[in-house]
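Only one structure is covered here, and it is reproduced in the block below.
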Amino acid sequence: MEAQYPAHWEADVVLADGGTAHVRPIRPADADRLRSFYSRLSDESIYFRFFGPRPRLSDREVERFTNVDYVGRVALIATIGAEMVAVIRYDRTEPGEAEVAFLVEDAHQGRGVASVLLEHLAATARERGIERFVADVLPANMRMMGVLRQAGYTAQSQFADGVVRMTLDLTPTETSAEVVEAREHRAEARSISRLLAPGSVAVIGASRAPGGVGQTVLRNLLAADFTGPVYPVHREARAMAGVRAYPRVSDIDDEVDLAVVAVPAEGVIDVVKECAEKGVHGLVVVSSGFGETGEEGRSRQDELARIARSYGLRVVGPNCLGIANTDPAVRLNATLAATVPGRGKVGFFSQSGALGTALLQRVAQRGMGISTFVSAGNRADVSGNDLLQYWEEDDSTEVILLYLESLGNPRKFTRLARRISRNKPVVVVKTGDTPAGHSAKELGLPDSAISSLFEQAGLIRVDDLFQLFDVGQLLAYQPPPAGPRVALVTNSDALGLLAVHACQAAGLEPRPPVNLGPSAGAAEYGESLASELAAPEVDAVVVIYTPPIPGDADAVAGELLRVSEGAGKPVLATFEGHLGMHPSLRVKTGATPERGSIPSYTAPEEAVRALAHAVRYAKWRARPAGPLPQLDGIDTARARALVRETLAAGTVAAQDAATATGTFAQAGPPVEIDATELLSCYGLTVWPTEIVRSPEEAVAAAERLGWPAVVKVADPGASRRAGTVRLGLTGPETVRHAYAEFAEQFGQDAELAVQRMAPQPAVPTVVGVVEDPAFGPVVSFGLGEVTARLLLDQGFRLAPLTGEDAAALVRSVRAAPLLFGQYGYPPVAVGALEELLVRVGRLADDLPEVARLDLDQVLVGESDVMVLGARATLRTPAGPRLDGGPRRLS
């Protein structure tokens, strides 16, 4: 029987030049594919691999190379289309060590194929207990030595007998992680650049019928004056919109970089294959009839993505509006929208194709410009993550706006956003409760958790599209505020008062409004604005200009622009109720506004709301990112061994139970455990507890643990119910009395627990972890008071946590003031609490088998924290975390 391998060993990957390939283990059926691959290799490549000439592989060699056990011998191949273009393999030579070798077809060398194969092989090797790779390399084979040295692993070289022996320690390091991320970033950014800056475009499916999808895209391309050639493709027509047409893509004489596909869904796959043969780099599929139509359409969509990626193509769509690039050197409007905003500094991603046209119209109506626009539609391939990678590199994009209906790989999304938001603001509208395929409700992770995780990443999450553009236009044209102190310059008492209330509701600090009166003109506004901007206690200014009778608006606007120029503080306005970039408030060097333009809002409340988002973002960006802290008392190896042993024992118990009852049980069921020993591996101590089943056992336990004692119901959920704990028991009689009360209330068989009472005063809190299938390990925190639990007053952060993350998590809950000496509570050891959160986050990041961890309660005293109870649920993961392995498209 043919050996099997884990499904996650297969992956689509982006190569260094932006093309794609498929990585998978080799199979016996690949024999002919291997022979064909070998026949295309140069003599030099063969010599470097085998240290001598070898014109062909023998049948015995082919059989050995294609038949592996996927344990001690593993080989991965990279394929493009049906052809193998590279192979990498390891053969175990001794425990923990394996010999590695790879071979890349000459035509594909220099594309980063070997590097990505090495990443994947190293990951499979670690799964099989391999700790080191050894490679014997000829000194002249500089390319192979470069791949091994640049992988980021600890490498050693030794020269003997004319061969360089290189040894790689496969333990992941900070450097190796940085190398993978950097390569991923460059590759994905380049793949999107090839889509958004094509040298030529073919429109496949352009019909003669006015209003048809293909006809619309073609006319929009021509109307935008695309700088490269446009090729309509039509089976019969000789010309479309006055441009020569071709029966097939393959009939086009010149190269085609981008193809817009507008044929019926049933014919898209054939078009993809034809484009692949032509050497097209990317596709925009505007055709509908895919995942949005049901199961059959979903299968067709998956096939589209699979085939396109296998041939090296990236795909936008299907069922999308298209893409646009306002760069004067490109002038691309490959969309169904006739109106595309002018040149600007905003990159805009919309998952919805149906909303795309309306969204572009709104941007244009506001007078905002964009750099690039992508409507992903069903997002079979290209996603918001790819665009983030591109916009991070794009100098013409300073603000990123995202309209998302789902998140394909949320963990990667937040990782990228956290890095990019340090330099460029990312504003996002996320609709719905949970990402597609994301079982947050099942795990008890509310939508508010997504907001918390976005906040951790520096994302500006807004509620609707109006706010998306409100915040976007402020960040695109004005500097970020240094703080929450807001000055108000107005000509209306009523509007000034509304602005004050809006500031207070948004957490800003308004100064008393400067009311200039209804007849105020340019001089009065200029003088007052200058005075407020010069005040060191002012961080931003909101100007309200709505005169009861027509005034000289142009003069007022000109004075506002003159005074605000170079002030370094944001100025925003409610200017005659205008929404967007008021024509008189624009700084222009061309047709679109430049930095320094003053955004206008229809009402003061909208301006203040946008400013509040900008203030929170600026505060986040001003905080240092902070490295992961170095922690002592961590024994990850012992923790992993404990988890493995516990899961193995649980599996055996489940199989024994299945045999006894004649029922089927899956391997690796969830196992619930007391987490005391697990926490000890991370330097955390659980307050000693003894389970008792009689009054005498309770008294004896109290004597051993110490007085005063606590008796409580042992059910892990008991702390969420009132009346399940008796505190401050000072002697045997009080313990017996408490035991009798609980026995009467919950039954004689109720399990009770005894502890020594923790020092008081202390604030009860609750710390938890869930291994979310989309976001990975998430740490939660809240106060243990019943009211806080009822109000779901919780904060969330992705693990692992930096010290800054832990501090922000503690302060994110509404009841946090109780920890800092307010409302009659004494100040407690917040620093110790933050360290506990960092340690729990480290545990969660290290151990994907921890499906859930509940520390309930954690008492925070004046000098220390005390964990009163800890339960964990362990489960064997179905595969690696979404963003936890080597590079892959997802």
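Every chain in the structure tokens takes a letter, A first, then B, and so on in the order presented; its residues are numbered from 1, and the ligands are numbered from 1 following the presented order.
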Taking the DSSP secondary structure from the backbone, can you list the residues of region 20-166 of chain A that are helix (DSSP H, G or I), as a VMD selection string? chain A and resid 28 to 39 43 to 50 59 to 66 106 to 108 113 to 127 142 to 149
Identify, on the basis of only C-alpha atoms, every residue whose closest approach to Val767 (chain A) does not exceed 12 Å; exclude the query and any residue fewer than 3 positions from it along the same chain; express the result as a PyMOL selection string. chain A and resi 764+770+778-784+794-797+806+809-810+833-834+836-841+852-860+865-872
Selected residues written out with N, CA and C atoms, as a compact mmCIF listing (two decimals), in the first residue's frame:
# COMPACT_ATOMS: atom_id res chain seq x y z
N PRO A 764 -10.65 40.23 42.16
CA PRO A 764 -10.77 38.99 41.38
C PRO A 764 -10.80 39.27 39.88
N VAL A 770 -8.18 30.68 24.21
CA VAL A 770 -8.83 29.76 23.27
C VAL A 770 -7.92 29.64 22.05
N VAL A 778 -5.71 32.99 21.37
CA VAL A 778 -6.23 34.29 21.78
C VAL A 778 -6.31 34.30 23.31
N VAL A 779 -5.71 35.32 23.94
CA VAL A 779 -5.74 35.49 25.39
C VAL A 779 -6.85 36.46 25.74
N SER A 780 -7.67 36.10 26.72
CA SER A 780 -8.75 36.99 27.17
C SER A 780 -8.52 37.39 28.62
N PHE A 781 -9.07 38.55 28.99
CA PHE A 781 -8.94 39.06 30.35
C PHE A 781 -10.19 39.84 30.72
N GLY A 782 -10.63 39.67 31.97
CA GLY A 782 -11.74 40.45 32.49
C GLY A 782 -11.74 40.37 34.00
N LEU A 783 -12.54 41.20 34.63
CA LEU A 783 -12.67 41.12 36.07
C LEU A 783 -13.62 40.00 36.45
N GLY A 784 -13.40 39.42 37.65
CA GLY A 784 -14.18 38.27 38.08
C GLY A 784 -15.49 38.62 38.75
N GLN A 794 -14.81 42.08 28.62
CA GLN A 794 -13.58 41.33 28.39
C GLN A 794 -12.73 42.03 27.34
N GLY A 795 -11.43 41.82 27.45
CA GLY A 795 -10.50 42.24 26.41
C GLY A 795 -9.81 41.01 25.83
N PHE A 796 -9.29 41.15 24.62
CA PHE A 796 -8.68 40.01 23.92
C PHE A 796 -7.40 40.48 23.22
N ARG A 797 -6.41 39.61 23.16
CA ARG A 797 -5.19 39.87 22.42
C ARG A 797 -4.67 38.56 21.84
N ALA A 806 0.22 43.25 26.97
CA ALA A 806 -0.38 42.88 28.26
C ALA A 806 -0.91 44.12 28.97
N LEU A 809 -4.06 45.19 27.27
CA LEU A 809 -5.15 44.26 27.55
C LEU A 809 -5.78 44.54 28.90
N VAL A 810 -4.96 44.76 29.92
CA VAL A 810 -5.48 45.05 31.26
C VAL A 810 -6.33 46.32 31.22
N LEU A 833 0.26 41.18 37.38
CA LEU A 833 -0.82 40.69 36.52
C LEU A 833 -0.38 40.70 35.06
N GLU A 834 0.28 41.76 34.63
CA GLU A 834 0.74 41.84 33.24
C GLU A 834 1.76 40.74 32.94
N LEU A 836 1.88 37.82 34.38
CA LEU A 836 1.10 36.58 34.27
C LEU A 836 0.49 36.45 32.88
N LEU A 837 -0.05 37.55 32.35
CA LEU A 837 -0.65 37.52 31.01
C LEU A 837 0.39 37.21 29.95
N VAL A 838 1.59 37.76 30.08
CA VAL A 838 2.66 37.48 29.13
C VAL A 838 3.02 35.99 29.18
N ARG A 839 3.11 35.42 30.38
CA ARG A 839 3.46 34.00 30.52
C ARG A 839 2.35 33.11 29.95
N VAL A 840 1.10 33.46 30.21
CA VAL A 840 -0.01 32.68 29.64
C VAL A 840 0.01 32.77 28.11
N GLY A 841 0.32 33.97 27.60
CA GLY A 841 0.42 34.12 26.16
C GLY A 841 1.53 33.29 25.56
N ARG A 852 -8.28 25.17 25.09
CA ARG A 852 -8.89 26.14 26.01
C ARG A 852 -8.15 26.08 27.34
N LEU A 853 -8.00 27.25 27.95
CA LEU A 853 -7.38 27.35 29.27
C LEU A 853 -8.14 28.41 30.05
N ASP A 854 -8.60 28.06 31.25
CA ASP A 854 -9.35 28.99 32.09
C ASP A 854 -8.65 29.13 33.44
N LEU A 855 -8.19 30.33 33.74
CA LEU A 855 -7.66 30.66 35.06
C LEU A 855 -8.75 31.45 35.78
N ASP A 856 -9.48 30.76 36.63
CA ASP A 856 -10.68 31.36 37.23
C ASP A 856 -10.76 30.91 38.70
N GLN A 857 -10.42 31.78 39.62
CA GLN A 857 -10.12 33.18 39.44
C GLN A 857 -8.63 33.43 39.64
N VAL A 858 -8.22 34.65 39.19
CA VAL A 858 -6.89 35.16 39.48
C VAL A 858 -7.07 36.37 40.38
N LEU A 859 -6.66 36.24 41.63
CA LEU A 859 -6.76 37.35 42.56
C LEU A 859 -5.52 38.23 42.43
N VAL A 860 -5.75 39.52 42.25
CA VAL A 860 -4.65 40.47 42.13
C VAL A 860 -4.56 41.23 43.45
N VAL A 865 0.00 38.17 42.43
CA VAL A 865 -1.21 37.56 41.90
C VAL A 865 -1.30 36.13 42.38
N MET A 866 -2.52 35.64 42.56
CA MET A 866 -2.74 34.28 43.05
C MET A 866 -3.77 33.61 42.15
N VAL A 867 -3.36 32.51 41.50
CA VAL A 867 -4.26 31.76 40.64
C VAL A 867 -4.99 30.74 41.51
N LEU A 868 -6.30 30.90 41.65
CA LEU A 868 -7.06 30.03 42.54
C LEU A 868 -7.52 28.75 41.87
N GLY A 869 -7.65 28.75 40.56
CA GLY A 869 -8.09 27.55 39.86
C GLY A 869 -7.71 27.62 38.40
N ALA A 870 -7.36 26.48 37.81
CA ALA A 870 -6.95 26.45 36.40
C ALA A 870 -7.36 25.12 35.78
N ARG A 871 -8.13 25.20 34.68
CA ARG A 871 -8.53 24.01 33.92
C ARG A 871 -8.13 24.21 32.47
N ALA A 872 -7.73 23.13 31.83
CA ALA A 872 -7.34 23.20 30.41
C ALA A 872 -8.02 22.08 29.65
Please identify the strand (DSSP E or B) residues within region 163-401 of chain A (assignment by DSSP from backbone atoms) and present them as an MDAnalysis selection string. chainID A and resid 163:169 201:204 230:233 239:240 243:244 246 258:261 282:285 314:316 322:325 332:335 343:350 370:375 399:401
Hey, could you make a per-residue contact list for region 537-603 of chain A against region 472-477 of chain A with 7 Å as the cut-off, showing the nearest pair of atoms and its distance in Å to one decimal, counting only C-alpha atoms, sorted by chain and number, as JSON lines?
{"residue": "A:Glu594", "atom": "CA", "partner": "A:Tyr477", "partner_atom": "CA", "distance": 6.6}
{"residue": "A:Arg595", "atom": "CA", "partner": "A:Tyr477", "partner_atom": "CA", "distance": 4.4}
{"residue": "A:Gly596", "atom": "CA", "partner": "A:Tyr477", "partner_atom": "CA", "distance": 5.4}
{"residue": "A:Ser597", "atom": "CA", "partner": "A:Tyr477", "partner_atom": "CA", "distance": 5.6}
{"residue": "A:Ile598", "atom": "CA", "partner": "A:Tyr477", "partner_atom": "CA", "distance": 6.9}
{"residue": "A:Pro599", "atom": "CA", "partner": "A:Leu474", "partner_atom": "CA", "distance": 6.0}
10 Å contact set for region 287-294 of chain A, only C-alpha atoms, chain neighbours under 5 positions out, as a PyMOL selection string: chain A and resi 205+213-214+260-268+299-302+304+317-321+377-380
Figure out the distance between CA of Ala625 (chain A) and CA of Asp805 (chain A), please, to one decimal in Å.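 It comes out at 8.8 Å.
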Can you tell me which residues surround Arg638 (chain A) at a distance of at most 12 Å, considering only C-alpha atoms, apart from same-chain residues fewer than 6 positions away, and format the answer as a PDB file with all heavy atoms, in the first residue's frame?
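Once written, out_1.pdb looks like this:
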ATOM      1  N   ARG A 644       1.783  15.856  25.285  1.00  0.00           N
ATOM      2  CA  ARG A 644       1.782  14.638  24.462  1.00  0.00           C
ATOM      3  C   ARG A 644       1.349  13.421  25.276  1.00  0.00           C
ATOM      4  O   ARG A 644       0.544  12.604  24.820  1.00  0.00           O
ATOM      5  CB  ARG A 644       3.173  14.409  23.865  1.00  0.00           C
ATOM      6  CG  ARG A 644       3.527  15.317  22.709  1.00  0.00           C
ATOM      7  CD  ARG A 644       4.733  14.797  21.946  1.00  0.00           C
ATOM      8  NE  ARG A 644       5.913  14.696  22.795  1.00  0.00           N
ATOM      9  CZ  ARG A 644       6.809  15.681  22.936  1.00  0.00           C
ATOM     10  NH1 ARG A 644       6.648  16.809  22.286  1.00  0.00           N
ATOM     11  NH2 ARG A 644       7.859  15.506  23.720  1.00  0.00           N
ATOM     12  N   GLU A 645       1.883  13.285  26.480  1.00  0.00           N
ATOM     13  CA  GLU A 645       1.533  12.139  27.331  1.00  0.00           C
ATOM     14  C   GLU A 645       0.053  12.154  27.703  1.00  0.00           C
ATOM     15  O   GLU A 645      -0.612  11.109  27.699  1.00  0.00           O
ATOM     16  CB  GLU A 645       2.396  12.154  28.597  1.00  0.00           C
ATOM     17  CG  GLU A 645       3.875  11.891  28.340  1.00  0.00           C
ATOM     18  CD  GLU A 645       4.733  12.225  29.547  1.00  0.00           C
ATOM     19  OE1 GLU A 645       4.153  12.577  30.603  1.00  0.00           O
ATOM     20  OE2 GLU A 645       5.981  12.164  29.434  1.00  0.00           O
ATOM     21  N   GLU A 677       0.056  21.579  36.809  1.00  0.00           N
ATOM     22  CA  GLU A 677       1.397  21.184  36.396  1.00  0.00           C
ATOM     23  C   GLU A 677       1.796  21.881  35.104  1.00  0.00           C
ATOM     24  O   GLU A 677       2.960  22.278  34.935  1.00  0.00           O
ATOM     25  CB  GLU A 677       1.466  19.665  36.217  1.00  0.00           C
ATOM     26  CG  GLU A 677       2.871  19.159  35.934  1.00  0.00           C
ATOM     27  CD  GLU A 677       2.958  17.647  35.843  1.00  0.00           C
ATOM     28  OE1 GLU A 677       1.923  16.977  36.069  1.00  0.00           O
ATOM     29  OE2 GLU A 677       4.052  17.146  35.517  1.00  0.00           O
ATOM     30  N   LEU A 678       0.861  22.039  34.182  1.00  0.00           N
ATOM     31  CA  LEU A 678       1.164  22.709  32.927  1.00  0.00           C
ATOM     32  C   LEU A 678       1.594  24.154  33.173  1.00  0.00           C
ATOM     33  O   LEU A 678       2.576  24.641  32.593  1.00  0.00           O
ATOM     34  CB  LEU A 678      -0.058  22.667  32.011  1.00  0.00           C
ATOM     35  CG  LEU A 678       0.129  23.188  30.582  1.00  0.00           C
ATOM     36  CD1 LEU A 678       1.170  22.365  29.843  1.00  0.00           C
ATOM     37  CD2 LEU A 678      -1.203  23.162  29.832  1.00  0.00           C
ATOM     38  N   LEU A 679       0.882  24.851  34.039  1.00  0.00           N
ATOM     39  CA  LEU A 679       1.235  26.237  34.354  1.00  0.00           C
ATOM     40  C   LEU A 679       2.593  26.337  35.044  1.00  0.00           C
ATOM     41  O   LEU A 679       3.329  27.316  34.859  1.00  0.00           O
ATOM     42  CB  LEU A 679       0.161  26.882  35.222  1.00  0.00           C
ATOM     43  CG  LEU A 679      -1.174  27.195  34.527  1.00  0.00           C
ATOM     44  CD1 LEU A 679      -2.194  27.680  35.535  1.00  0.00           C
ATOM     45  CD2 LEU A 679      -0.978  28.228  33.429  1.00  0.00           C
ATOM     46  N   SER A 680       2.930  25.320  35.816  1.00  0.00           N
ATOM     47  CA  SER A 680       4.232  25.357  36.507  1.00  0.00           C
ATOM     48  C   SER A 680       5.384  25.359  35.513  1.00  0.00           C
ATOM     49  O   SER A 680       6.477  25.859  35.824  1.00  0.00           O
ATOM     50  CB  SER A 680       4.355  24.171  37.464  1.00  0.00           C
ATOM     51  OG  SER A 680       4.523  22.948  36.753  1.00  0.00           O
ATOM     52  N   CYS A 681       5.156  24.813  34.302  1.00  0.00           N
ATOM     53  CA  CYS A 681       6.195  24.838  33.266  1.00  0.00           C
ATOM     54  C   CYS A 681       6.459  26.256  32.767  1.00  0.00           C
ATOM     55  O   CYS A 681       7.460  26.502  32.086  1.00  0.00           O
ATOM     56  CB  CYS A 681       5.789  23.950  32.085  1.00  0.00           C
ATOM     57  SG  CYS A 681       5.547  22.204  32.491  1.00  0.00           S
ATOM     58  N   TYR A 682       5.564  27.160  33.087  1.00  0.00           N
ATOM     59  CA  TYR A 682       5.704  28.546  32.640  1.00  0.00           C
ATOM     60  C   TYR A 682       5.837  29.507  33.825  1.00  0.00           C
ATOM     61  O   TYR A 682       5.530  30.697  33.711  1.00  0.00           O
ATOM     62  CB  TYR A 682       4.527  28.928  31.733  1.00  0.00           C
ATOM     63  CG  TYR A 682       4.665  28.278  30.379  1.00  0.00           C
ATOM     64  CD1 TYR A 682       4.231  26.970  30.174  1.00  0.00           C
ATOM     65  CD2 TYR A 682       5.312  28.933  29.338  1.00  0.00           C
ATOM     66  CE1 TYR A 682       4.409  26.344  28.956  1.00  0.00           C
ATOM     67  CE2 TYR A 682       5.498  28.315  28.117  1.00  0.00           C
ATOM     68  CZ  TYR A 682       5.046  27.026  27.926  1.00  0.00           C
ATOM     69  OH  TYR A 682       5.251  26.401  26.717  1.00  0.00           O
ATOM     70  N   LEU A 843       2.630  30.425  26.810  1.00  0.00           N
ATOM     71  CA  LEU A 843       2.117  29.055  26.849  1.00  0.00           C
ATOM     72  C   LEU A 843       1.190  28.799  25.664  1.00  0.00           C
ATOM     73  O   LEU A 843       1.300  27.781  24.970  1.00  0.00           O
ATOM     74  CB  LEU A 843       1.381  28.811  28.168  1.00  0.00           C
ATOM     75  CG  LEU A 843       0.778  27.441  28.436  1.00  0.00           C
ATOM     76  CD1 LEU A 843       0.678  27.202  29.947  1.00  0.00           C
ATOM     77  CD2 LEU A 843      -0.598  27.256  27.824  1.00  0.00           C
ATOM     78  N   ASP A 846       3.137  28.533  22.393  1.00  0.00           N
ATOM     79  CA  ASP A 846       3.991  27.344  22.301  1.00  0.00           C
ATOM     80  C   ASP A 846       3.190  26.064  22.076  1.00  0.00           C
ATOM     81  O   ASP A 846       3.696  25.119  21.459  1.00  0.00           O
ATOM     82  CB  ASP A 846       4.806  27.169  23.591  1.00  0.00           C
ATOM     83  CG  ASP A 846       5.943  28.167  23.711  1.00  0.00           C
ATOM     84  OD1 ASP A 846       6.274  28.815  22.705  1.00  0.00           O
ATOM     85  OD2 ASP A 846       6.487  28.304  24.820  1.00  0.00           O
ATOM     86  N   LEU A 847       1.948  26.008  22.603  1.00  0.00           N
ATOM     87  CA  LEU A 847       1.212  24.743  22.680  1.00  0.00           C
ATOM     88  C   LEU A 847      -0.122  24.826  21.942  1.00  0.00           C
ATOM     89  O   LEU A 847      -1.160  25.126  22.531  1.00  0.00           O
ATOM     90  CB  LEU A 847       0.969  24.376  24.145  1.00  0.00           C
ATOM     91  CG  LEU A 847       2.212  24.329  25.051  1.00  0.00           C
ATOM     92  CD1 LEU A 847       1.800  24.112  26.500  1.00  0.00           C
ATOM     93  CD2 LEU A 847       3.171  23.242  24.584  1.00  0.00           C
TER      94      LEU A 847
END
Spatial neighbours of Ala21 (chain A), max dist 7 Å, only C-alpha atoms, sep filter under 4 positions, as a list of chain:residue names: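 My reading of the contact set: A:Asp12, A:Val13, A:Val14, A:Ala78, A:Thr79, A:Ile80, A:Arg309, A:Ser310, A:Tyr311, A:Gly312.
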Output file for the selection above: N, CA, C and O atoms, as a PDB file, in the first residue's frame:
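Saved result, result-v1.pdb, follows:
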ATOM      1  N   ASP A  12       0.029  25.859  -2.251  1.00  0.00           N
ATOM      2  CA  ASP A  12       0.335  26.781  -3.342  1.00  0.00           C
ATOM      3  C   ASP A  12       1.222  27.884  -2.772  1.00  0.00           C
ATOM      4  O   ASP A  12       0.979  28.370  -1.657  1.00  0.00           O
ATOM      5  N   VAL A  13       2.239  28.281  -3.534  1.00  0.00           N
ATOM      6  CA  VAL A  13       3.189  29.272  -3.034  1.00  0.00           C
ATOM      7  C   VAL A  13       3.423  30.335  -4.095  1.00  0.00           C
ATOM      8  O   VAL A  13       3.256  30.089  -5.297  1.00  0.00           O
ATOM      9  N   VAL A  14       3.816  31.533  -3.620  1.00  0.00           N
ATOM     10  CA  VAL A  14       4.210  32.612  -4.526  1.00  0.00           C
ATOM     11  C   VAL A  14       5.727  32.640  -4.589  1.00  0.00           C
ATOM     12  O   VAL A  14       6.402  32.634  -3.556  1.00  0.00           O
ATOM     13  N   ALA A  78       8.154  20.861  -6.723  1.00  0.00           N
ATOM     14  CA  ALA A  78       7.410  22.056  -7.128  1.00  0.00           C
ATOM     15  C   ALA A  78       6.944  21.834  -8.557  1.00  0.00           C
ATOM     16  O   ALA A  78       7.743  21.437  -9.418  1.00  0.00           O
ATOM     17  N   THR A  79       5.667  22.073  -8.792  1.00  0.00           N
ATOM     18  CA  THR A  79       5.118  21.903 -10.130  1.00  0.00           C
ATOM     19  C   THR A  79       4.515  23.216 -10.618  1.00  0.00           C
ATOM     20  O   THR A  79       3.966  23.996  -9.834  1.00  0.00           O
ATOM     21  N   ILE A  80       4.632  23.460 -11.915  1.00  0.00           N
ATOM     22  CA  ILE A  80       3.941  24.554 -12.585  1.00  0.00           C
ATOM     23  C   ILE A  80       3.199  23.936 -13.753  1.00  0.00           C
ATOM     24  O   ILE A  80       3.813  23.351 -14.656  1.00  0.00           O
ATOM     25  N   ARG A 309      -3.363  28.850 -10.162  1.00  0.00           N
ATOM     26  CA  ARG A 309      -2.150  28.832  -9.350  1.00  0.00           C
ATOM     27  C   ARG A 309      -1.158  27.799  -9.853  1.00  0.00           C
ATOM     28  O   ARG A 309       0.053  28.025  -9.842  1.00  0.00           O
ATOM     29  N   SER A 310      -1.678  26.662 -10.294  1.00  0.00           N
ATOM     30  CA  SER A 310      -0.767  25.613 -10.763  1.00  0.00           C
ATOM     31  C   SER A 310       0.001  26.050 -11.998  1.00  0.00           C
ATOM     32  O   SER A 310       1.106  25.575 -12.248  1.00  0.00           O
ATOM     33  N   TYR A 311      -0.562  26.980 -12.762  1.00  0.00           N
ATOM     34  CA  TYR A 311       0.121  27.486 -13.952  1.00  0.00           C
ATOM     35  C   TYR A 311       0.869  28.801 -13.693  1.00  0.00           C
ATOM     36  O   TYR A 311       1.387  29.408 -14.620  1.00  0.00           O
ATOM     37  N   GLY A 312       0.885  29.262 -12.442  1.00  0.00           N
ATOM     38  CA  GLY A 312       1.659  30.446 -12.120  1.00  0.00           C
ATOM     39  C   GLY A 312       0.919  31.756 -12.230  1.00  0.00           C
ATOM     40  O   GLY A 312       1.543  32.815 -12.238  1.00  0.00           O
TER      41      GLY A 312
END
Give me the residues within 12 Å of region 499-513 of chain A as JSON, numbers by chain, counting only C-alpha atoms and dropping any in the same chain fewer than 4 places off. {"A": [481, 483, 484, 485, 486, 487, 488, 489, 490, 491, 492, 493, 494, 495, 517, 528, 529, 532, 535, 537, 538, 539, 540, 541, 542, 543, 544, 573, 574, 603, 604, 605, 606, 607, 608, 609, 610, 611, 612, 613, 614, 615, 616]}
Write out as a PDB file with N, CA and C atoms, in the first residue's frame which residues come within 8 Å of Pro848 (chain A) when counting only C-alpha atoms, dropping same-chain ones fewer than 3 positions away.
ATOM      1  N   GLU A 771      -7.816  28.438  21.529  1.00  0.00           N
ATOM      2  CA  GLU A 771      -7.092  28.212  20.272  1.00  0.00           C
ATOM      3  C   GLU A 771      -8.122  28.322  19.159  1.00  0.00           C
ATOM      4  N   PRO A 777      -4.039  31.284  18.811  1.00  0.00           N
ATOM      5  CA  PRO A 777      -4.221  31.435  20.254  1.00  0.00           C
ATOM      6  C   PRO A 777      -4.608  32.863  20.624  1.00  0.00           C
ATOM      7  N   ALA A 844       0.271  29.741  25.422  1.00  0.00           N
ATOM      8  CA  ALA A 844      -0.695  29.572  24.339  1.00  0.00           C
ATOM      9  C   ALA A 844      -0.002  29.502  22.987  1.00  0.00           C
ATOM     10  N   ASP A 845       1.038  30.310  22.791  1.00  0.00           N
ATOM     11  CA  ASP A 845       1.745  30.319  21.515  1.00  0.00           C
ATOM     12  C   ASP A 845       2.561  29.054  21.321  1.00  0.00           C
ATOM     13  N   ALA A 851      -6.537  23.724  23.583  1.00  0.00           N
ATOM     14  CA  ALA A 851      -7.717  24.280  22.921  1.00  0.00           C
ATOM     15  C   ALA A 851      -8.385  25.341  23.778  1.00  0.00           C
ATOM     16  N   PRO A 877      -4.220  19.010  17.320  1.00  0.00           N
ATOM     17  CA  PRO A 877      -4.592  19.890  16.210  1.00  0.00           C
ATOM     18  C   PRO A 877      -4.763  19.108  14.912  1.00  0.00           C
ATOM     19  N   ARG A 881      -1.126  25.802  12.471  1.00  0.00           N
ATOM     20  CA  ARG A 881      -1.893  27.044  12.472  1.00  0.00           C
ATOM     21  C   ARG A 881      -1.841  27.697  11.099  1.00  0.00           C
TER      22      ARG A 881
END
Of the candidates A:Tyr90, A:Phe37, A:Phe373, A:Tyr601, which shows the shortest atom-to-atom distance to Ile130 (chain A), using only C-alpha atoms?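 Under the stated criterion, the closest residue is A:Tyr90.
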